[in-house]
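Only one structure is covered here, and it is reproduced in the block below.
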Amino acid sequence: MAIQKYTTAAGRINKLKGEILAHAMPVEVLGITGTQKQMPKNKGDTIVFRRWLPFGGVDNQFITPGATDAASEYEQAHMLEEGVTPSAETLTPADVTATLQEYGVLFALTNKAADLYEDDMPAEMKKQTGERIGLVREMSRYGALKGSTNKYYAGGTSRATVDEKVSINLLRKITRSLKTNHASMITSILAPSPNYGTSAIEASYLVFAHTDCEADIRDLTGFTPVAEYGTRKPIHEMEVGSVENFRFVLSPELVPIQDAGAAIGATGLYSTTGTLIDVYPVIVAAEDAWGQVALRGADSIEPTYLPPGQRDKQDPLGQRGYVGCSTWFTSVVLNNGWMAVAEVGVTDLG
């Protein structure tokens with residue numbers, strides 16, 4: 001007797017989620033890295049990210065530099081005496097707490113737009129919903145990461161004194177800081193897909209900057225463009241190349257702070273008004289430097305699609321419809337020693 005097989009059609013709500021998530025992916029740049037945390041439903045609105053401090057409980061410091069022989073002190077602290085049980089220790093956690101925030105996008109359309117317009121309005125609204133919710137979350141990340149306390153200023157000591165573009169020496173200063181703080185290079189990124197998952201990459205520090213910085217980045221000594229990577233694969237469609245330990249990913253959404261730097265003078269740098277230099281935050285990230293609730297997975301958004309024609313007490317003739325979604329999200333710096341923000345100017349290309 002043949003077994004009867006039944007095929008269950010995919011739910012429309014799942015398809016809508018997939019459409020929105022897929023459209024959100026292209027606007028994400030910062031979202032490919034950071035410690036990813038899934039938040040189950042009905043578990044509150046607070047996320048706690050935890051890491052464990054090294055011996056001595058001092059963040060990012062395994063051996064404390066000092067006037068005496070720090071290496072010998074560290075060694076002696078672990079020496080055993082014959083027949084004597086050493087004192088037991090405990091691990092010291094470092095917890096960073098963040099609170100989820102709800103965000104949403106909502107479009108409305110009428111039955112006339114749905115039935116008579118030659119353009120497919122609901123389809124375009126779904127696309128725009130995905131792109132906007134992705135950008136909202138990207139701006140949440142950008143706002144959090146720009147606030148890192150590990151700051152570098154090109155040519156100056158503060159934002160108001162920035163008067164140079166990005167340089168290889170500035171990047172090397174950041175490398176020195178990251179390695180001193182035991183920051184690990186990033187070896188995997190969040191896969192460019194609506195689903196949870198990671199993709200392995202060659203170990204590197206990732207640099208995120210505005211597209212206006214591209215000319216200056218390409219002028220860096222030793223710059224290798226993506227086109228010359230050979231067997232190495234780009235980590236994002238917006239990656240432009242690499243220098244030493246750094247890989248550069250650019251986005252027009254990582255906007256500068258206008259008229260915030262030094263006087264333009266003869267610097268040759270760009271200014272919106274022609275008076276003060278526009279300052280561009282360049283974000284350098286190592287492994288686990290920051291955390292986020294990832295825009296991935298079936299539970300990451302709640303989509304809305306109410307097509308015109310559905311009648312109820314609020315709309316007895318079915319004249320209105322809605323397309324949108326809502327999501328809960330947060331992003332937070334977990335370790336300032338494992339990332340840096342270089343504030344730079346960019347060359348005025350005329």
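Just remember, in the structure tokens the first chain shown is A, the second B, etc., residues are 1-based per chain, and ligands are 1-based in the order shown.
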Residues of stretch 89-134 of chain A that have any atom at most 12 Å from an atom of stretch 313-329 of chain A: could you tabulate them with the shortest-distance atom pair and the distance in Å to one decimal, using only C-alpha atoms, ordered by chain and increasing number, as JSON lines?
```
{"residue": "A:Ala98", "atom": "CA", "partner": "A:Phe329", "partner_atom": "CA", "distance": 9.8}
{"residue": "A:Thr99", "atom": "CA", "partner": "A:Phe329", "partner_atom": "CA", "distance": 8.4}
{"residue": "A:Leu100", "atom": "CA", "partner": "A:Phe329", "partner_atom": "CA", "distance": 5.2}
{"residue": "A:Gln101", "atom": "CA", "partner": "A:Trp328", "partner_atom": "CA", "distance": 5.4}
{"residue": "A:Glu102", "atom": "CA", "partner": "A:Trp328", "partner_atom": "CA", "distance": 4.3}
{"residue": "A:Tyr103", "atom": "CA", "partner": "A:Thr327", "partner_atom": "CA", "distance": 5.4}
{"residue": "A:Gly104", "atom": "CA", "partner": "A:Ser326", "partner_atom": "CA", "distance": 4.1}
{"residue": "A:Val105", "atom": "CA", "partner": "A:Gly324", "partner_atom": "CA", "distance": 5.2}
{"residue": "A:Leu106", "atom": "CA", "partner": "A:Gly324", "partner_atom": "CA", "distance": 4.2}
{"residue": "A:Phe107", "atom": "CA", "partner": "A:Val323", "partner_atom": "CA", "distance": 5.1}
{"residue": "A:Ala108", "atom": "CA", "partner": "A:Tyr322", "partner_atom": "CA", "distance": 4.5}
{"residue": "A:Leu109", "atom": "CA", "partner": "A:Gly321", "partner_atom": "CA", "distance": 5.2}
{"residue": "A:Thr110", "atom": "CA", "partner": "A:Arg320", "partner_atom": "CA", "distance": 4.5}
{"residue": "A:Asn111", "atom": "CA", "partner": "A:Gln319", "partner_atom": "CA", "distance": 5.0}
{"residue": "A:Lys112", "atom": "CA", "partner": "A:Gln319", "partner_atom": "CA", "distance": 7.8}
{"residue": "A:Ala113", "atom": "CA", "partner": "A:Arg320", "partner_atom": "CA", "distance": 9.5}
{"residue": "A:Ala114", "atom": "CA", "partner": "A:Gly321", "partner_atom": "CA", "distance": 8.8}
{"residue": "A:Asp115", "atom": "CA", "partner": "A:Gln319", "partner_atom": "CA", "distance": 10.6}
{"residue": "A:Met121", "atom": "CA", "partner": "A:Val323", "partner_atom": "CA", "distance": 9.9}
{"residue": "A:Pro122", "atom": "CA", "partner": "A:Val323", "partner_atom": "CA", "distance": 7.0}
{"residue": "A:Ala123", "atom": "CA", "partner": "A:Val323", "partner_atom": "CA", "distance": 9.2}
{"residue": "A:Glu124", "atom": "CA", "partner": "A:Val323", "partner_atom": "CA", "distance": 9.8}
{"residue": "A:Met125", "atom": "CA", "partner": "A:Val323", "partner_atom": "CA", "distance": 6.4}
{"residue": "A:Lys126", "atom": "CA", "partner": "A:Val323", "partner_atom": "CA", "distance": 6.5}
{"residue": "A:Lys127", "atom": "CA", "partner": "A:Gly324", "partner_atom": "CA", "distance": 9.9}
{"residue": "A:Gln128", "atom": "CA", "partner": "A:Gly324", "partner_atom": "CA", "distance": 9.0}
{"residue": "A:Thr129", "atom": "CA", "partner": "A:Gly324", "partner_atom": "CA", "distance": 5.8}
{"residue": "A:Gly130", "atom": "CA", "partner": "A:Cys325", "partner_atom": "CA", "distance": 8.3}
{"residue": "A:Glu131", "atom": "CA", "partner": "A:Gly324", "partner_atom": "CA", "distance": 11.2}
{"residue": "A:Arg132", "atom": "CA", "partner": "A:Gly324", "partner_atom": "CA", "distance": 10.0}
{"residue": "A:Ile133", "atom": "CA", "partner": "A:Cys325", "partner_atom": "CA", "distance": 7.9}
{"residue": "A:Gly134", "atom": "CA", "partner": "A:Thr327", "partner_atom": "CA", "distance": 10.1}
```
With only C-alpha atoms as the basis for distance, which of A:Tyr305, A:Thr347, A:Ala77, A:Lys43 is at the shortest distance from A:Glu19? A:Tyr305
Proximity to A:Val279 - best of A:Asn336, A:Thr46, A:Thr161, A:Thr85, only C-alpha atoms: A:Thr161
Using only C-alpha atoms, the residue out of A:Ala154, A:Ala215, A:Leu190, A:Ile283 with shortest distance to A:Glu28 is A:Leu190
Counting only C-alpha atoms, closest pick from A:Tyr153, A:Phe223, A:Trp338, A:Phe49 relative to A:Tyr280 is A:Tyr153
Shortest interatomic distance to A:Ser300 - which of A:Gln61, A:Ser158, A:Thr330, A:Thr175, counting only C-alpha atoms: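 When distances to A:Ser300 are compared using only C-alpha atoms, the smallest one comes from A:Thr330.
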Between atom CA of A:Ile189 and atom CA of A:Ile201 - distance in Å to one decimal: 7.1 Å
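Residues lying within 12 Å of A:Thr157, counting only C-alpha atoms and ignoring same-chain neighbours fewer than 6 positions away, are Lys151, Asp163, Glu164, Gly261, Ala262, Ala342, Glu343 and Val344 of chain A.
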So which one's closest to A:Arg232, A:Ala200, A:Ala340, A:Val29, A:Leu91? Using only C-alpha atoms, please.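 Smallest separation from A:Arg232 among the options: A:Ala200.
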Write out as a short mmCIF file (atom, residue, chain, number, x, y, z; two decimals) with N, CA and C atoms, in the first residue's frame all residues of stretch 97-332 of chain A that DSSP puts in strand (DSSP E) for this structure's backbone.
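Saved to states.cif:
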```cif
data_model
loop_
_atom_site.label_atom_id
_atom_site.label_comp_id
_atom_site.auth_asym_id
_atom_site.auth_seq_id
_atom_site.Cartn_x
_atom_site.Cartn_y
_atom_site.Cartn_z
N THR A 97 25.63 44.99 30.87
CA THR A 97 24.18 44.85 30.75
C THR A 97 23.63 45.87 29.76
N ALA A 98 22.71 45.42 28.94
CA ALA A 98 22.06 46.31 27.97
C ALA A 98 20.57 46.02 27.96
N THR A 99 19.78 47.03 27.63
CA THR A 99 18.33 46.90 27.62
C THR A 99 17.81 46.96 26.19
N GLN A 101 15.48 47.67 23.06
CA GLN A 101 14.59 48.75 22.64
C GLN A 101 13.77 48.25 21.46
N GLU A 102 12.49 48.62 21.43
CA GLU A 102 11.64 48.22 20.31
C GLU A 102 11.67 49.29 19.23
N TYR A 103 11.78 48.83 17.97
CA TYR A 103 11.77 49.72 16.81
C TYR A 103 10.72 49.21 15.83
N GLY A 104 10.21 50.12 15.01
CA GLY A 104 9.20 49.69 14.05
C GLY A 104 9.11 50.57 12.83
N VAL A 105 8.58 50.00 11.77
CA VAL A 105 8.33 50.69 10.50
C VAL A 105 6.93 50.31 10.06
N LEU A 106 6.14 51.28 9.61
CA LEU A 106 4.77 50.99 9.19
C LEU A 106 4.40 51.85 7.99
N PHE A 107 3.95 51.18 6.92
CA PHE A 107 3.43 51.85 5.73
C PHE A 107 1.93 51.58 5.62
N ALA A 108 1.20 52.54 5.07
CA ALA A 108 -0.22 52.37 4.82
C ALA A 108 -0.50 52.52 3.33
N LEU A 109 -1.50 51.80 2.85
CA LEU A 109 -1.94 51.95 1.46
C LEU A 109 -3.44 51.75 1.40
N THR A 110 -4.04 52.27 0.36
CA THR A 110 -5.49 52.15 0.19
C THR A 110 -5.81 51.06 -0.82
N LYS A 151 39.95 56.27 21.84
CA LYS A 151 39.87 57.22 20.74
C LYS A 151 41.27 57.63 20.22
N TYR A 152 41.32 57.87 18.93
CA TYR A 152 42.52 58.40 18.28
C TYR A 152 42.09 59.54 17.37
N TYR A 153 42.91 60.59 17.30
CA TYR A 153 42.56 61.77 16.53
C TYR A 153 43.67 62.07 15.53
N ILE A 186 39.72 39.02 14.31
CA ILE A 186 38.45 38.40 13.95
C ILE A 186 38.70 37.28 12.95
N THR A 187 38.17 36.11 13.24
CA THR A 187 38.37 34.95 12.36
C THR A 187 37.06 34.43 11.77
N SER A 188 35.95 35.01 12.17
CA SER A 188 34.66 34.62 11.57
C SER A 188 33.72 35.80 11.63
N ILE A 189 32.80 35.85 10.69
CA ILE A 189 31.81 36.91 10.63
C ILE A 189 30.43 36.28 10.54
N LEU A 190 29.42 37.07 10.84
CA LEU A 190 28.06 36.59 10.68
C LEU A 190 27.78 36.40 9.20
N THR A 198 27.85 31.52 10.93
CA THR A 198 29.06 32.30 10.73
C THR A 198 29.86 31.75 9.55
N SER A 199 30.72 32.61 9.01
CA SER A 199 31.62 32.23 7.93
C SER A 199 33.04 32.52 8.38
N ALA A 200 33.94 31.56 8.16
CA ALA A 200 35.34 31.74 8.54
C ALA A 200 36.01 32.74 7.61
N ILE A 201 36.89 33.58 8.17
CA ILE A 201 37.67 34.52 7.36
C ILE A 201 39.12 34.47 7.83
N GLU A 202 40.01 35.01 7.03
CA GLU A 202 41.40 35.14 7.42
C GLU A 202 41.50 36.11 8.59
N ALA A 203 42.31 35.77 9.60
CA ALA A 203 42.41 36.59 10.81
C ALA A 203 42.81 38.03 10.47
N SER A 204 42.06 38.97 11.02
CA SER A 204 42.32 40.39 10.74
C SER A 204 41.53 41.24 11.70
N TYR A 205 41.88 42.52 11.74
CA TYR A 205 41.04 43.52 12.39
C TYR A 205 40.18 44.14 11.30
N LEU A 206 38.91 44.36 11.60
CA LEU A 206 38.00 44.93 10.61
C LEU A 206 37.86 46.43 10.84
N VAL A 207 37.91 47.18 9.76
CA VAL A 207 37.82 48.64 9.81
C VAL A 207 36.57 49.06 9.05
N PHE A 208 35.71 49.83 9.71
CA PHE A 208 34.47 50.30 9.11
C PHE A 208 34.52 51.83 9.01
N ALA A 209 34.22 52.35 7.82
CA ALA A 209 34.31 53.79 7.62
C ALA A 209 33.35 54.23 6.53
N HIS A 210 33.16 55.54 6.42
CA HIS A 210 32.30 56.11 5.38
C HIS A 210 32.98 55.97 4.02
N THR A 224 46.12 46.76 -0.63
CA THR A 224 45.80 45.73 -1.61
C THR A 224 44.31 45.76 -1.89
N PRO A 225 43.90 46.09 -3.12
CA PRO A 225 42.47 46.13 -3.42
C PRO A 225 41.87 44.73 -3.50
N GLU A 239 33.53 45.68 0.96
CA GLU A 239 34.96 45.66 1.29
C GLU A 239 35.74 46.20 0.10
N VAL A 240 36.73 47.07 0.37
CA VAL A 240 37.50 47.67 -0.72
C VAL A 240 38.94 47.17 -0.77
N GLY A 241 39.44 46.61 0.32
CA GLY A 241 40.80 46.12 0.30
C GLY A 241 41.37 45.97 1.70
N SER A 242 42.70 45.78 1.77
CA SER A 242 43.34 45.53 3.06
C SER A 242 44.73 46.16 3.11
N VAL A 243 45.18 46.40 4.34
CA VAL A 243 46.53 46.88 4.61
C VAL A 243 47.00 46.19 5.89
N PHE A 246 44.65 44.94 8.63
CA PHE A 246 43.33 45.55 8.55
C PHE A 246 42.63 45.23 7.23
N ARG A 247 41.31 45.02 7.32
CA ARG A 247 40.46 44.89 6.14
C ARG A 247 39.40 45.98 6.23
N PHE A 248 39.18 46.69 5.13
CA PHE A 248 38.35 47.88 5.14
C PHE A 248 36.99 47.62 4.49
N VAL A 249 35.93 47.93 5.24
CA VAL A 249 34.56 47.81 4.75
C VAL A 249 33.91 49.19 4.88
N LEU A 250 33.37 49.69 3.77
CA LEU A 250 32.86 51.05 3.75
C LEU A 250 31.35 51.08 3.58
N SER A 251 30.74 52.16 4.06
CA SER A 251 29.30 52.34 3.93
C SER A 251 28.97 53.82 3.90
N TYR A 280 35.33 62.21 10.39
CA TYR A 280 34.79 60.89 10.07
C TYR A 280 35.24 59.86 11.10
N PRO A 281 34.33 59.24 11.84
CA PRO A 281 34.71 58.15 12.75
C PRO A 281 35.08 56.89 11.95
N VAL A 282 36.26 56.37 12.19
CA VAL A 282 36.72 55.12 11.58
C VAL A 282 36.77 54.08 12.69
N ILE A 283 35.93 53.07 12.60
CA ILE A 283 35.78 52.08 13.67
C ILE A 283 36.64 50.86 13.38
N VAL A 284 37.50 50.52 14.31
CA VAL A 284 38.37 49.35 14.20
C VAL A 284 37.93 48.33 15.24
N ALA A 285 37.61 47.13 14.81
CA ALA A 285 37.05 46.14 15.72
C ALA A 285 37.90 44.87 15.74
N TRP A 290 32.34 44.10 20.88
CA TRP A 290 31.01 44.64 21.17
C TRP A 290 29.97 43.55 20.97
N GLY A 291 28.77 43.81 21.44
CA GLY A 291 27.72 42.80 21.34
C GLY A 291 26.43 43.37 20.79
N GLN A 292 25.61 42.47 20.25
CA GLN A 292 24.33 42.87 19.68
C GLN A 292 23.38 41.69 19.72
N VAL A 293 22.09 42.02 19.65
CA VAL A 293 21.09 41.01 19.38
C VAL A 293 20.96 40.96 17.87
N GLU A 302 8.86 40.95 13.88
CA GLU A 302 7.43 40.62 13.81
C GLU A 302 6.85 41.41 12.64
N PRO A 303 6.59 40.75 11.51
CA PRO A 303 6.09 41.48 10.35
C PRO A 303 4.60 41.73 10.41
N THR A 304 4.17 42.76 9.69
CA THR A 304 2.74 43.09 9.55
C THR A 304 2.41 43.22 8.07
N TYR A 305 1.41 42.48 7.63
CA TYR A 305 0.87 42.69 6.28
C TYR A 305 -0.64 42.48 6.34
N LEU A 306 -1.34 43.59 6.33
CA LEU A 306 -2.80 43.57 6.30
C LEU A 306 -3.24 44.15 4.97
N ARG A 320 -8.35 50.18 3.62
CA ARG A 320 -6.98 50.46 4.05
C ARG A 320 -6.21 49.16 4.28
N GLY A 321 -4.90 49.25 4.05
CA GLY A 321 -4.01 48.14 4.32
C GLY A 321 -2.70 48.65 4.90
N TYR A 322 -1.91 47.73 5.45
CA TYR A 322 -0.67 48.12 6.12
C TYR A 322 0.43 47.10 5.85
N VAL A 323 1.65 47.62 5.75
CA VAL A 323 2.84 46.78 5.63
C VAL A 323 3.88 47.34 6.60
N GLY A 324 4.50 46.49 7.38
CA GLY A 324 5.52 46.96 8.30
C GLY A 324 6.10 45.84 9.13
N CYS A 325 6.87 46.22 10.12
CA CYS A 325 7.42 45.22 11.04
C CYS A 325 7.90 45.94 12.29
N SER A 326 8.09 45.17 13.35
CA SER A 326 8.69 45.68 14.58
C SER A 326 9.77 44.70 15.02
N THR A 327 10.72 45.20 15.80
CA THR A 327 11.81 44.35 16.27
C THR A 327 12.36 44.91 17.57
N TRP A 328 12.93 44.03 18.38
CA TRP A 328 13.61 44.42 19.60
C TRP A 328 15.11 44.29 19.35
N PHE A 329 15.87 45.29 19.80
CA PHE A 329 17.29 45.28 19.47
C PHE A 329 18.08 46.09 20.48
N SER A 331 22.60 47.18 21.11
CA SER A 331 24.02 46.96 20.82
C SER A 331 24.83 47.70 21.87
N VAL A 332 25.98 47.16 22.22
CA VAL A 332 26.74 47.72 23.34
C VAL A 332 28.21 47.36 23.19
#
```
Give the alpha helix (DSSP H) residues of stretch 24-117 of chain A, as assigned by DSSP on the backbone, as a JSON list (two decimals) with N, CA and C atoms, in the first residue's frame.
```json
[["chain", "number", "residue", "atom", "x", "y", "z"],
["A", 24, "ALA", "N", 16.98, 43.61, 4.52],
["A", 24, "ALA", "CA", 17.73, 44.30, 5.58],
["A", 24, "ALA", "C", 19.22, 44.03, 5.46],
["A", 70, "ALA", "N", 58.41, 42.11, 36.22],
["A", 70, "ALA", "CA", 57.02, 41.63, 36.20],
["A", 70, "ALA", "C", 56.94, 40.17, 35.82],
["A", 71, "ALA", "N", 57.80, 39.72, 34.93],
["A", 71, "ALA", "CA", 57.78, 38.32, 34.52],
["A", 71, "ALA", "C", 58.10, 37.39, 35.69],
["A", 72, "SER", "N", 59.12, 37.77, 36.45],
["A", 72, "SER", "CA", 59.49, 36.94, 37.61],
["A", 72, "SER", "C", 58.40, 36.95, 38.66],
["A", 73, "GLU", "N", 57.77, 38.10, 38.88],
["A", 73, "GLU", "CA", 56.69, 38.19, 39.86],
["A", 73, "GLU", "C", 55.53, 37.27, 39.47],
["A", 74, "TYR", "N", 55.22, 37.25, 38.19],
["A", 74, "TYR", "CA", 54.13, 36.39, 37.71],
["A", 74, "TYR", "C", 54.50, 34.93, 37.90],
["A", 75, "GLU", "N", 55.74, 34.60, 37.58],
["A", 75, "GLU", "CA", 56.20, 33.22, 37.74],
["A", 75, "GLU", "C", 56.15, 32.81, 39.21],
["A", 76, "GLN", "N", 56.65, 33.65, 40.09],
["A", 76, "GLN", "CA", 56.73, 33.32, 41.52],
["A", 76, "GLN", "C", 55.35, 33.18, 42.14],
["A", 111, "ASN", "N", -7.07, 50.66, -0.87],
["A", 111, "ASN", "CA", -7.48, 49.66, -1.87],
["A", 111, "ASN", "C", -7.31, 50.20, -3.29],
["A", 112, "LYS", "N", -7.42, 51.53, -3.45],
["A", 112, "LYS", "CA", -7.21, 52.11, -4.77],
["A", 112, "LYS", "C", -5.76, 51.92, -5.24],
["A", 113, "ALA", "N", -4.80, 52.16, -4.32],
["A", 113, "ALA", "CA", -3.39, 51.97, -4.67],
["A", 113, "ALA", "C", -3.10, 50.52, -4.99],
["A", 114, "ALA", "N", -3.69, 49.62, -4.22],
["A", 114, "ALA", "CA", -3.44, 48.19, -4.42],
["A", 114, "ALA", "C", -4.10, 47.67, -5.69],
["A", 115, "ASP", "N", -5.30, 48.20, -6.02],
["A", 115, "ASP", "CA", -6.08, 47.64, -7.13],
["A", 115, "ASP", "C", -5.84, 48.33, -8.46],
["A", 116, "LEU", "N", -5.51, 49.63, -8.45],
["A", 116, "LEU", "CA", -5.48, 50.39, -9.69],
["A", 116, "LEU", "C", -4.11, 50.89, -10.10]]
```
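Between atom CA of A:Val48 and atom CA of A:Val341 lies a distance of 23.9 Å.
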Contacts of A:Gly265 at 10 Å (only C-alpha atoms; same-chain gap of 2+ positions) as a PyMOL selection string: chain A and resi 163+262-263+267-269+274-277
Output the selection as an mmCIF file, in the first residue's frame - C-alpha atoms for each residue.
```
data_model
loop_
_atom_site.group_PDB
_atom_site.id
_atom_site.type_symbol
_atom_site.label_atom_id
_atom_site.label_comp_id
_atom_site.auth_asym_id
_atom_site.auth_seq_id
_atom_site.Cartn_x
_atom_site.Cartn_y
_atom_site.Cartn_z
ATOM 1 C CA ASP A 163 43.462 68.100 10.784
ATOM 2 C CA ALA A 262 40.146 72.066 13.073
ATOM 3 C CA ALA A 263 40.066 75.066 10.740
ATOM 4 C CA THR A 267 45.044 71.120 5.041
ATOM 5 C CA GLY A 268 43.379 70.131 1.784
ATOM 6 C CA LEU A 269 40.701 68.312 3.738
ATOM 7 C CA GLY A 274 34.525 75.514 3.955
ATOM 8 C CA THR A 275 35.418 76.584 7.496
ATOM 9 C CA LEU A 276 35.940 73.579 9.809
ATOM 10 C CA ILE A 277 36.971 70.062 8.768
#
```
